[in-house]
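Let me begin by presenting the structure, written as structure tokens, before commenting on it.
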Amino acid sequence: MDEVFRALADPGRRRLLDSLDARDGQSLRELCAGLDMTRQSVSKHLAVLEAAHLVTTVRRGREKLHYLNAVPINAIADRWMDKYDRGRASALADLKTALEDSTMTTKDNDTAFVYVIHINTTPEKLWRALTDPAFTRRYWGVTFETDWRAGSEMSWEQFGVKITDPGQIVVESEPYRRLAYTWHTMTPEFAEATGLGEEYRVRAAAEGRSTVTFEIEPVGATVKLTVIHDGFQPGSTILSSVREGWPALLSSLKTLLETGRALPEE
């Protein structure tokens, strides 16, 4: 938490976070072009933000794309903003502004969702929680049928609806390290069961299929889980939904692995 406060204390680093909040997934070149700072200064600031886990990076070919990670800011909000009233929190005004300006809503030019969370568990247990129906049912309400081999088809079952489609496949599978699969098909039965409505289903069904990737990395006694959900077009209907759903889902996964109980559904 001290690293987060130190990172947010610098106005240049707050400007970088604002830039990523406005348009996530920028390269170093794009960040430099949008800010009145030298490449060296931006690189140094990004290193501090990455060390504080406020920014996470994803490799795309030769480029390294930067994404805003709201988890540490939300942790500070839980620890401090709920403990003191706003009148006594004037010393945290800059942080308050960052919290209010940093949202999880989808911008028209966003094409991916990236989220990082640290869990007190092991790579083996986390892998099981991502693949074993006994776990996925508890924090997600979803079960998968597949052998979890790259290229294999997979079916989803949620809200009493089973979703099968040849396009639902396991893309990558490196046990305890990396898992990727395509997102499910938006069927009329699923839309009805979830109350999404036919208008939403038609818009969602017209979009190309997205892919979600889980990167698992041991960090000391914890595991760093990076979730990358990409393959969307700007203004995607599905991206708007998953950006609202993933944070709560991953928080429930973390709680289940650390306490043995998933978060209650709202």
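Scheme for the structure tokens: letters A, B, ... for chains in order shown; per-chain residue numbers from 1; ligand numbers from 1 in order shown.
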
Do you know which residues are at most 10 Å from Thr255 of chain A counting only C-alpha atoms, after dropping those on the same chain fewer than 6 positions away, and could you put them as a PyMOL selection string?
chain A and resi 119-120+139+249+261-263

For the residues in the current selection, export N, CA and C atoms as a PDB file, in the first residue's frame.
```
ATOM      1  N   ILE A 119      -3.352 -13.541  -5.462  1.00  0.00           N
ATOM      2  CA  ILE A 119      -4.121 -14.473  -4.644  1.00  0.00           C
ATOM      3  C   ILE A 119      -3.166 -15.299  -3.785  1.00  0.00           C
ATOM      4  N   ASN A 120      -3.510 -15.443  -2.531  1.00  0.00           N
ATOM      5  CA  ASN A 120      -2.702 -16.249  -1.617  1.00  0.00           C
ATOM      6  C   ASN A 120      -3.039 -17.725  -1.827  1.00  0.00           C
ATOM      7  N   TYR A 139     -17.919 -20.214  -7.523  1.00  0.00           N
ATOM      8  CA  TYR A 139     -17.712 -18.765  -7.598  1.00  0.00           C
ATOM      9  C   TYR A 139     -18.238 -18.144  -8.886  1.00  0.00           C
ATOM     10  N   LEU A 249     -16.260 -11.303 -10.257  1.00  0.00           N
ATOM     11  CA  LEU A 249     -16.001 -12.732 -10.397  1.00  0.00           C
ATOM     12  C   LEU A 249     -14.627 -13.106  -9.855  1.00  0.00           C
ATOM     13  N   ARG A 261     -14.662 -19.959   1.016  1.00  0.00           N
ATOM     14  CA  ARG A 261     -16.036 -19.584   0.728  1.00  0.00           C
ATOM     15  C   ARG A 261     -16.058 -18.502  -0.336  1.00  0.00           C
ATOM     16  N   ALA A 262     -16.905 -18.668  -1.330  1.00  0.00           N
ATOM     17  CA  ALA A 262     -17.050 -17.658  -2.366  1.00  0.00           C
ATOM     18  C   ALA A 262     -17.868 -16.494  -1.835  1.00  0.00           C
ATOM     19  N   LEU A 263     -17.772 -15.348  -2.494  1.00  0.00           N
ATOM     20  CA  LEU A 263     -18.582 -14.200  -2.104  1.00  0.00           C
ATOM     21  C   LEU A 263     -20.051 -14.484  -2.390  1.00  0.00           C
TER      22      LEU A 263
END
```

With only C-alpha atoms as the counted atoms, please give the residues lying no more than 10 Å from segment 34-50 of chain A, apart from itself and same-chain residues fewer than 2 positions off, as number ranges by chain.
A: 3-4, 6-8, 10, 12-17, 19, 28-32, 52-57, 66-69

How would the residues just picked look written out with N, CA, C and O atoms as a compact mmCIF listing (two decimals), in the first residue's frame?
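This is the output file out-v3.txt:
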```
# COMPACT_ATOMS: atom_id res chain seq x y z
N GLU A 3 3.68 1.62 -1.51
CA GLU A 3 4.13 1.84 -2.88
C GLU A 3 3.05 2.51 -3.71
O GLU A 3 3.35 3.35 -4.58
N VAL A 4 1.81 2.17 -3.48
CA VAL A 4 0.71 2.76 -4.22
C VAL A 4 0.60 4.24 -3.90
O VAL A 4 0.45 5.09 -4.80
N ARG A 6 2.96 6.22 -2.78
CA ARG A 6 4.12 6.92 -3.36
C ARG A 6 3.94 7.10 -4.86
O ARG A 6 4.28 8.16 -5.42
N ALA A 7 3.41 6.10 -5.53
CA ALA A 7 3.22 6.20 -6.97
C ALA A 7 2.19 7.27 -7.33
O ALA A 7 2.37 8.04 -8.28
N LEU A 8 1.11 7.35 -6.54
CA LEU A 8 0.06 8.32 -6.82
C LEU A 8 0.43 9.74 -6.41
O LEU A 8 -0.23 10.70 -6.84
N ASP A 10 2.92 11.51 -7.31
CA ASP A 10 3.54 12.29 -8.39
C ASP A 10 2.50 12.67 -9.44
O ASP A 10 1.82 11.79 -9.97
N GLY A 12 2.89 13.58 -12.51
CA GLY A 12 3.18 12.98 -13.81
C GLY A 12 2.65 11.57 -13.91
O GLY A 12 2.11 11.15 -14.94
N ARG A 13 2.78 10.81 -12.82
CA ARG A 13 2.27 9.44 -12.83
C ARG A 13 0.74 9.42 -12.82
O ARG A 13 0.11 8.54 -13.43
N ARG A 14 0.12 10.40 -12.15
CA ARG A 14 -1.34 10.48 -12.19
C ARG A 14 -1.82 10.80 -13.60
O ARG A 14 -2.86 10.31 -14.05
N ARG A 15 -1.05 11.63 -14.33
CA ARG A 15 -1.41 11.94 -15.71
C ARG A 15 -1.32 10.69 -16.58
O ARG A 15 -2.15 10.49 -17.48
N LEU A 16 -0.34 9.85 -16.33
CA LEU A 16 -0.24 8.60 -17.08
C LEU A 16 -1.45 7.70 -16.81
O LEU A 16 -2.00 7.09 -17.73
N LEU A 17 -1.86 7.63 -15.54
CA LEU A 17 -3.04 6.83 -15.20
C LEU A 17 -4.28 7.40 -15.86
O LEU A 17 -5.15 6.66 -16.34
N SER A 19 -4.35 9.02 -18.65
CA SER A 19 -4.25 8.70 -20.07
C SER A 19 -4.71 7.27 -20.34
O SER A 19 -5.43 7.00 -21.31
N LEU A 28 4.32 2.49 -25.27
CA LEU A 28 5.14 3.59 -24.76
C LEU A 28 5.13 4.75 -25.73
O LEU A 28 5.04 5.93 -25.32
N ARG A 29 5.21 4.47 -26.99
CA ARG A 29 5.20 5.53 -28.02
C ARG A 29 3.91 6.32 -27.96
O ARG A 29 3.93 7.56 -28.02
N GLU A 30 2.77 5.64 -27.81
CA GLU A 30 1.48 6.33 -27.76
C GLU A 30 1.36 7.17 -26.50
O GLU A 30 0.82 8.29 -26.53
N LEU A 31 1.85 6.67 -25.38
CA LEU A 31 1.79 7.43 -24.14
C LEU A 31 2.64 8.69 -24.22
O LEU A 31 2.25 9.75 -23.75
N CYS A 32 3.81 8.57 -24.82
CA CYS A 32 4.70 9.72 -24.96
C CYS A 32 4.07 10.79 -25.86
O CYS A 32 4.19 11.99 -25.61
N ALA A 52 4.08 -0.76 -8.32
CA ALA A 52 2.95 -0.59 -7.40
C ALA A 52 1.71 -1.35 -7.88
O ALA A 52 0.65 -1.26 -7.24
N HIS A 53 1.85 -2.05 -9.01
CA HIS A 53 0.76 -2.85 -9.59
C HIS A 53 -0.41 -1.99 -10.03
O HIS A 53 -1.54 -2.48 -10.17
N LEU A 54 -0.16 -0.71 -10.29
CA LEU A 54 -1.20 0.17 -10.82
C LEU A 54 -1.29 0.09 -12.34
O LEU A 54 -2.30 0.48 -12.93
N VAL A 55 -0.24 -0.40 -12.95
CA VAL A 55 -0.21 -0.61 -14.40
C VAL A 55 0.31 -2.01 -14.66
O VAL A 55 1.25 -2.46 -14.00
N THR A 56 -0.31 -2.69 -15.58
CA THR A 56 0.16 -4.00 -15.99
C THR A 56 0.41 -3.98 -17.49
O THR A 56 -0.16 -3.15 -18.21
N THR A 57 1.29 -4.84 -17.97
CA THR A 57 1.67 -4.83 -19.38
C THR A 57 1.39 -6.18 -20.03
O THR A 57 1.42 -7.23 -19.38
N HIS A 66 0.27 -1.14 -22.30
CA HIS A 66 0.09 -0.82 -20.89
C HIS A 66 -1.39 -0.67 -20.57
O HIS A 66 -2.14 -0.01 -21.30
N TYR A 67 -1.80 -1.26 -19.43
CA TYR A 67 -3.20 -1.22 -19.01
C TYR A 67 -3.29 -0.74 -17.56
O TYR A 67 -2.46 -1.08 -16.72
N LEU A 68 -4.32 0.03 -17.30
CA LEU A 68 -4.61 0.48 -15.94
C LEU A 68 -5.15 -0.68 -15.12
O LEU A 68 -6.03 -1.42 -15.57
N ASN A 69 -4.61 -0.86 -13.92
CA ASN A 69 -5.08 -1.91 -13.02
C ASN A 69 -5.67 -1.24 -11.78
O ASN A 69 -4.97 -0.62 -11.00
```

Spatial neighbours of segment 133-138 of chain A, max dist 10 Å, only C-alpha atoms, sep filter under 2 positions, as a ChimeraX atom specification
/A:126,128-131,140-145,157-158,252-253,256-257,261-264

Would you write out those residues with N, CA and C atoms, as an mmCIF file, in the first residue's frame?
```cif
data_model
loop_
_atom_site.group_PDB
_atom_site.id
_atom_site.type_symbol
_atom_site.label_atom_id
_atom_site.label_comp_id
_atom_site.auth_asym_id
_atom_site.auth_seq_id
_atom_site.Cartn_x
_atom_site.Cartn_y
_atom_site.Cartn_z
ATOM 1 N N LEU A 126 -4.854 -22.735 -8.175
ATOM 2 C CA LEU A 126 -5.513 -21.758 -9.033
ATOM 3 C C LEU A 126 -5.931 -22.394 -10.354
ATOM 4 N N ARG A 128 -6.718 -25.475 -10.852
ATOM 5 C CA ARG A 128 -7.888 -26.304 -10.576
ATOM 6 C C ARG A 128 -9.146 -25.450 -10.426
ATOM 7 N N ALA A 129 -8.990 -24.295 -9.791
ATOM 8 C CA ALA A 129 -10.140 -23.408 -9.609
ATOM 9 C C ALA A 129 -10.653 -22.855 -10.933
ATOM 10 N N LEU A 130 -9.771 -22.766 -11.925
ATOM 11 C CA LEU A 130 -10.172 -22.260 -13.239
ATOM 12 C C LEU A 130 -10.766 -23.338 -14.136
ATOM 13 N N THR A 131 -10.518 -24.606 -13.828
ATOM 14 C CA THR A 131 -10.910 -25.684 -14.732
ATOM 15 C C THR A 131 -11.845 -26.727 -14.135
ATOM 16 N N TRP A 140 -18.591 -18.984 -9.875
ATOM 17 C CA TRP A 140 -19.009 -18.466 -11.176
ATOM 18 C C TRP A 140 -20.408 -18.937 -11.554
ATOM 19 N N GLY A 141 -20.798 -20.094 -11.058
ATOM 20 C CA GLY A 141 -22.062 -20.677 -11.475
ATOM 21 C C GLY A 141 -21.983 -21.304 -12.846
ATOM 22 N N VAL A 142 -20.761 -21.569 -13.328
ATOM 23 C CA VAL A 142 -20.524 -22.127 -14.655
ATOM 24 C C VAL A 142 -19.766 -23.437 -14.529
ATOM 25 N N THR A 143 -20.092 -24.400 -15.390
ATOM 26 C CA THR A 143 -19.287 -25.609 -15.493
ATOM 27 C C THR A 143 -18.893 -25.800 -16.956
ATOM 28 N N PHE A 144 -17.699 -26.350 -17.164
ATOM 29 C CA PHE A 144 -17.184 -26.592 -18.505
ATOM 30 C C PHE A 144 -17.055 -28.097 -18.747
ATOM 31 N N GLU A 145 -17.307 -28.504 -19.989
ATOM 32 C CA GLU A 145 -17.045 -29.876 -20.406
ATOM 33 C C GLU A 145 -15.992 -29.830 -21.505
ATOM 34 N N GLU A 157 -22.130 -24.615 -19.272
ATOM 35 C CA GLU A 157 -23.451 -24.757 -18.673
ATOM 36 C C GLU A 157 -23.604 -23.725 -17.573
ATOM 37 N N GLN A 158 -24.626 -22.887 -17.701
ATOM 38 C CA GLN A 158 -24.864 -21.822 -16.732
ATOM 39 C C GLN A 158 -26.356 -21.499 -16.720
ATOM 40 N N SER A 252 -14.472 -12.995 -6.127
ATOM 41 C CA SER A 252 -15.081 -14.190 -5.535
ATOM 42 C C SER A 252 -14.136 -15.388 -5.626
ATOM 43 N N LEU A 253 -13.415 -15.487 -6.755
ATOM 44 C CA LEU A 253 -12.419 -16.552 -6.906
ATOM 45 C C LEU A 253 -11.328 -16.420 -5.847
ATOM 46 N N LEU A 256 -12.689 -17.388 -2.427
ATOM 47 C CA LEU A 256 -12.872 -18.831 -2.311
ATOM 48 C C LEU A 256 -11.550 -19.537 -2.031
ATOM 49 N N LEU A 257 -10.507 -19.166 -2.757
ATOM 50 C CA LEU A 257 -9.219 -19.829 -2.581
ATOM 51 C C LEU A 257 -8.570 -19.478 -1.240
ATOM 52 N N ARG A 261 -14.662 -19.959 1.016
ATOM 53 C CA ARG A 261 -16.036 -19.584 0.728
ATOM 54 C C ARG A 261 -16.058 -18.502 -0.336
ATOM 55 N N ALA A 262 -16.905 -18.668 -1.330
ATOM 56 C CA ALA A 262 -17.050 -17.658 -2.366
ATOM 57 C C ALA A 262 -17.868 -16.494 -1.835
ATOM 58 N N LEU A 263 -17.772 -15.348 -2.494
ATOM 59 C CA LEU A 263 -18.582 -14.200 -2.104
ATOM 60 C C LEU A 263 -20.051 -14.484 -2.390
ATOM 61 N N PRO A 264 -20.968 -14.001 -1.529
ATOM 62 C CA PRO A 264 -22.391 -14.223 -1.796
ATOM 63 C C PRO A 264 -22.819 -13.464 -3.031
#
```

Measuring between only C-alpha atoms, which one of A:Val171, A:Ala248, A:Val223, A:Ala191 shows the shortest distance to Glu124 of chain A?
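Among the listed residues, the smallest separation from Glu124 of chain A belongs to A:Val223.
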
Which distance in Å separates atom CA of Pro188 of chain A and atom CA of Thr164 of chain A, to one decimal?
12.5 Å

Find the distance between atom CA of Gln26 of chain A and atom CA of Leu65 of chain A and write it in Å to one decimal.
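These two atoms are separated by 5.1 Å.
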
Of the listed residues A:Ala33, A:Val58, A:His118, A:Gly197, that which approaches Pro72 of chain A most closely, counting only C-alpha atoms:
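With only C-alpha atoms as the atom set, the closest residue is A:His118.
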
Quick one: DSSP strand (DSSP E) residues in segment 9-228 of chain A, as a PyMOL selection string?
chain A and resi 55-60+63-68+112-119+142-145+155-158+161-163+170-174+178-182+211-219+222-228

Atom pair atom CA of Val219 of chain A + atom CA of Leu179 of chain A, distance 18.1 Å

Can you list, as a ChimeraX atom specification, every protein, DNA or RNA residue that comes within 12 Å of Tyr200 of chain A when you count only C-alpha atoms, leaving out same-chain residues fewer than 6 positions away?
/A:186-188,190-192,194,206-207,236-238,240-241

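Checking A:Ala9, A:Asp2, A:Leu225, A:Leu239 one by one against Ser251 of chain A, counting only C-alpha atoms, you find the shortest gap at A:Leu225.
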
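Nearest to Arg23 of chain A of all the residues A:Arg203, A:Asp110, A:Arg149, A:Val71 is A:Asp110, counting only C-alpha atoms.
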
From the list A:Gly220, A:Ala70, A:Glu172, A:Gly167, which residue is nearest Val114 of chain A when using only C-alpha atoms?
A:Ala70

Quick one: residues within 10 Å of Lys224 of chain A, only C-alpha atoms, excluding same-chain residues fewer than 2 positions away - as a ChimeraX atom specification?
/A:116-123,215-220,222,226-227

For Val161 of chain A, which residue out of A:Thr185, A:Ser210, A:Thr146, A:Ser27 is the nearest one, using only C-alpha atoms?
A:Thr185
